[in-house]
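Engineer: Quick one: the structure is below, questions incoming.
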Amino acid sequence: MKNCDHFKDLVLTDYIDGELDKNLAGSLESHLLDCSDCRAFFKEVKDNTALPFQQVLHQPVPVGLWDTIKQSIEHENQAVSPLADFIDSFKGLFVFPRLVPVFASLVLMLLAGSVTLNTIQIQQVRDKDQGEYLVSLLGSTGPSAPLDNNNWGTPIEHYFL
Amino acid sequence: MEDIARDTLIRASQGDMQAFEDVYKASSSFVYNVALRVVNNREDALEVAQEVFMTIYHKLKDFRFESSFKTWVYRITVNNAINLAKKNSRVKTVPYEDSFGPHAGHSQLFGEGAVLNEAQTRMDQEHQSQLVENLLAELNPDQRACVVLRNIQGLSYEEIAQTLNININTVRSRLKRSREKLLSLRPNFSYEH
């Protein structure tokens, strides 16, 4: 009887579904040959829980299903489109910050370069002006006075040079 | 379900509508039929099938080919169908008695003189389909999903476990209880365990 209960459980699941191990299936089939009660049970299970489903034909898919799905997708895409465009327009800005450090560095370098160049030019102009001024001063002491003379002669020459 | 080329799936995942239509053509029959049997009525089956394909369209780009596409689609279909069936928790099927006339009852389905082997020879397909619909209506959505995947779709226990994301012994247990329930509908049949 205990065996019968065990075999009935197997009939309801693994055996009827063809999932039972070959050896165990062999044991069960031997038992079915000897036990009329289990044999009747197997027939009931097969006829009432397996066969009705095996005979079922697949139902045809309703014709309009694809059109409905396609329309839903197209509708979704249209609805999403302006938002996507909006996001796309912002994408340029989202990409731009990656280049900001590069541009900033370039601008800073240009600024630093121009400031340095400007300073040098101003210095050169000052030196030039100063030289000319001194020359004019020296000239005022006498046309014959040599420029490379270390004897400056006047207090202002002494002060500046 | 027909096999679908990986290339087709990739193109469909990138928004190629022609490729997506190919995916639909290859899988719509089993999606609709699984849905139909789990929700057990055409109107809800259509709703489920539509939801399933919208989900496939949106999530296909996340599909990594780690599991089979078939199992993935089965899972989406069965989950959607079970959820709708549970949500509705209404059975739109005709009771046994009504589907076989006012005086017909269980005995006409399972009783003497109505052995299924004989009945199948005279039942047309519509009648057979109605019978299955009525049998499935007796089960809860989880049991129904197991029976549909095993008895109609022919999936193995392992495949059912993967599809429903449950233990293989839970598959056994649900099938066993489903069959006990179906047997209990049979008059003069006693099975106590």
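Ordering of the structure tokens sets the chain letters (A, B, ...), residue numbers begin anew at 1 in every chain, and ligands are numbered from 1 in the order given.
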Against chain A, which residues of chain B fall within 7 Å? For each one I want the closest pair of atoms and the distance in Å (one decimal), counting only C-alpha atoms, rows by chain and increasing residue number, as a Markdown table.

Structural biologist:
```
| residue | atom | partner | partner_atom | distance |
| --- | --- | --- | --- | --- |
| B:Ser28 | CA | A:Val61 | CA | 7.0 |
| B:Ser29 | CA | A:Val61 | CA | 5.8 |
| B:Tyr32 | CA | A:Val61 | CA | 6.4 |
| B:Asn33 | CA | A:His58 | CA | 6.3 |
| B:Gln50 | CA | A:Ile69 | CA | 6.1 |
| B:Leu116 | CA | A:Asp47 | CA | 6.2 |
| B:Gln128 | CA | A:Val56 | CA | 6.8 |
| B:Ser129 | CA | A:Val56 | CA | 6.2 |
| B:Val132 | CA | A:Phe53 | CA | 6.4 |
| B:Asn151 | CA | A:Phe53 | CA | 5.8 |
| B:Ile152 | CA | A:Phe53 | CA | 5.8 |
| B:Arg172 | CA | A:Thr13 | CA | 6.2 |
| B:Leu175 | CA | A:Thr13 | CA | 6.6 |
| B:Lys176 | CA | A:Leu12 | CA | 5.7 |
| B:Arg179 | CA | A:Thr49 | CA | 5.9 |
| B:Leu182 | CA | A:Thr49 | CA | 6.5 |
| B:Leu183 | CA | A:Asn48 | CA | 6.9 |
```

Engineer: Quick one: everything within 12 Å of B:Ser68, counting only C-alpha atoms, minus sequence neighbours fewer than 4 positions away in the same chain. Send it as a count of residues only.

Structural biologist: 15

Engineer: Near stretch 34-49 of chain B, counting only C-alpha atoms, which residues have an atom at most 10 Å away, once you skip same-chain residues fewer than 5 positions from it, shown as a ChimeraX atom specification?

Structural biologist: /A:58-59,61-62,64-66,69 /B:28-29,54-55,74,76-86,88-93,129,132-134,136-137,139-149,152-153

Engineer: Compile the contact shell of A:Cys35 as a list in words: residues with an atom at most 9 Å away, counting only C-alpha atoms, same-chain residues fewer than 5 positions apart removed.

Structural biologist: Cys4, Ser30 and Ala40 of chain A

Engineer: Could you dump the residues just selected with N, CA and C atoms as a PDB file, in the first residue's frame?

Structural biologist:
```pdb
ATOM      1  N   CYS A   4       2.157   1.668  -3.312  1.00  0.00           N
ATOM      2  CA  CYS A   4       1.110   2.192  -4.200  1.00  0.00           C
ATOM      3  C   CYS A   4       1.026   3.709  -4.088  1.00  0.00           C
ATOM      4  N   SER A  30       6.639  -2.295 -13.768  1.00  0.00           N
ATOM      5  CA  SER A  30       6.478  -3.659 -13.233  1.00  0.00           C
ATOM      6  C   SER A  30       5.340  -3.680 -12.219  1.00  0.00           C
ATOM      7  N   ALA A  40      -5.419   1.235 -12.895  1.00  0.00           N
ATOM      8  CA  ALA A  40      -6.651   2.005 -13.120  1.00  0.00           C
ATOM      9  C   ALA A  40      -6.404   3.486 -12.842  1.00  0.00           C
TER      10      ALA A  40
END
```

Engineer: What is the atom CA of A:Thr119-atom CA of A:Leu106 distance in Å, reported with one decimal?

Structural biologist: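 Taking atom CA of A:Thr119 as the start and atom CA of A:Leu106 as the end point, the length is 19.7 Å.
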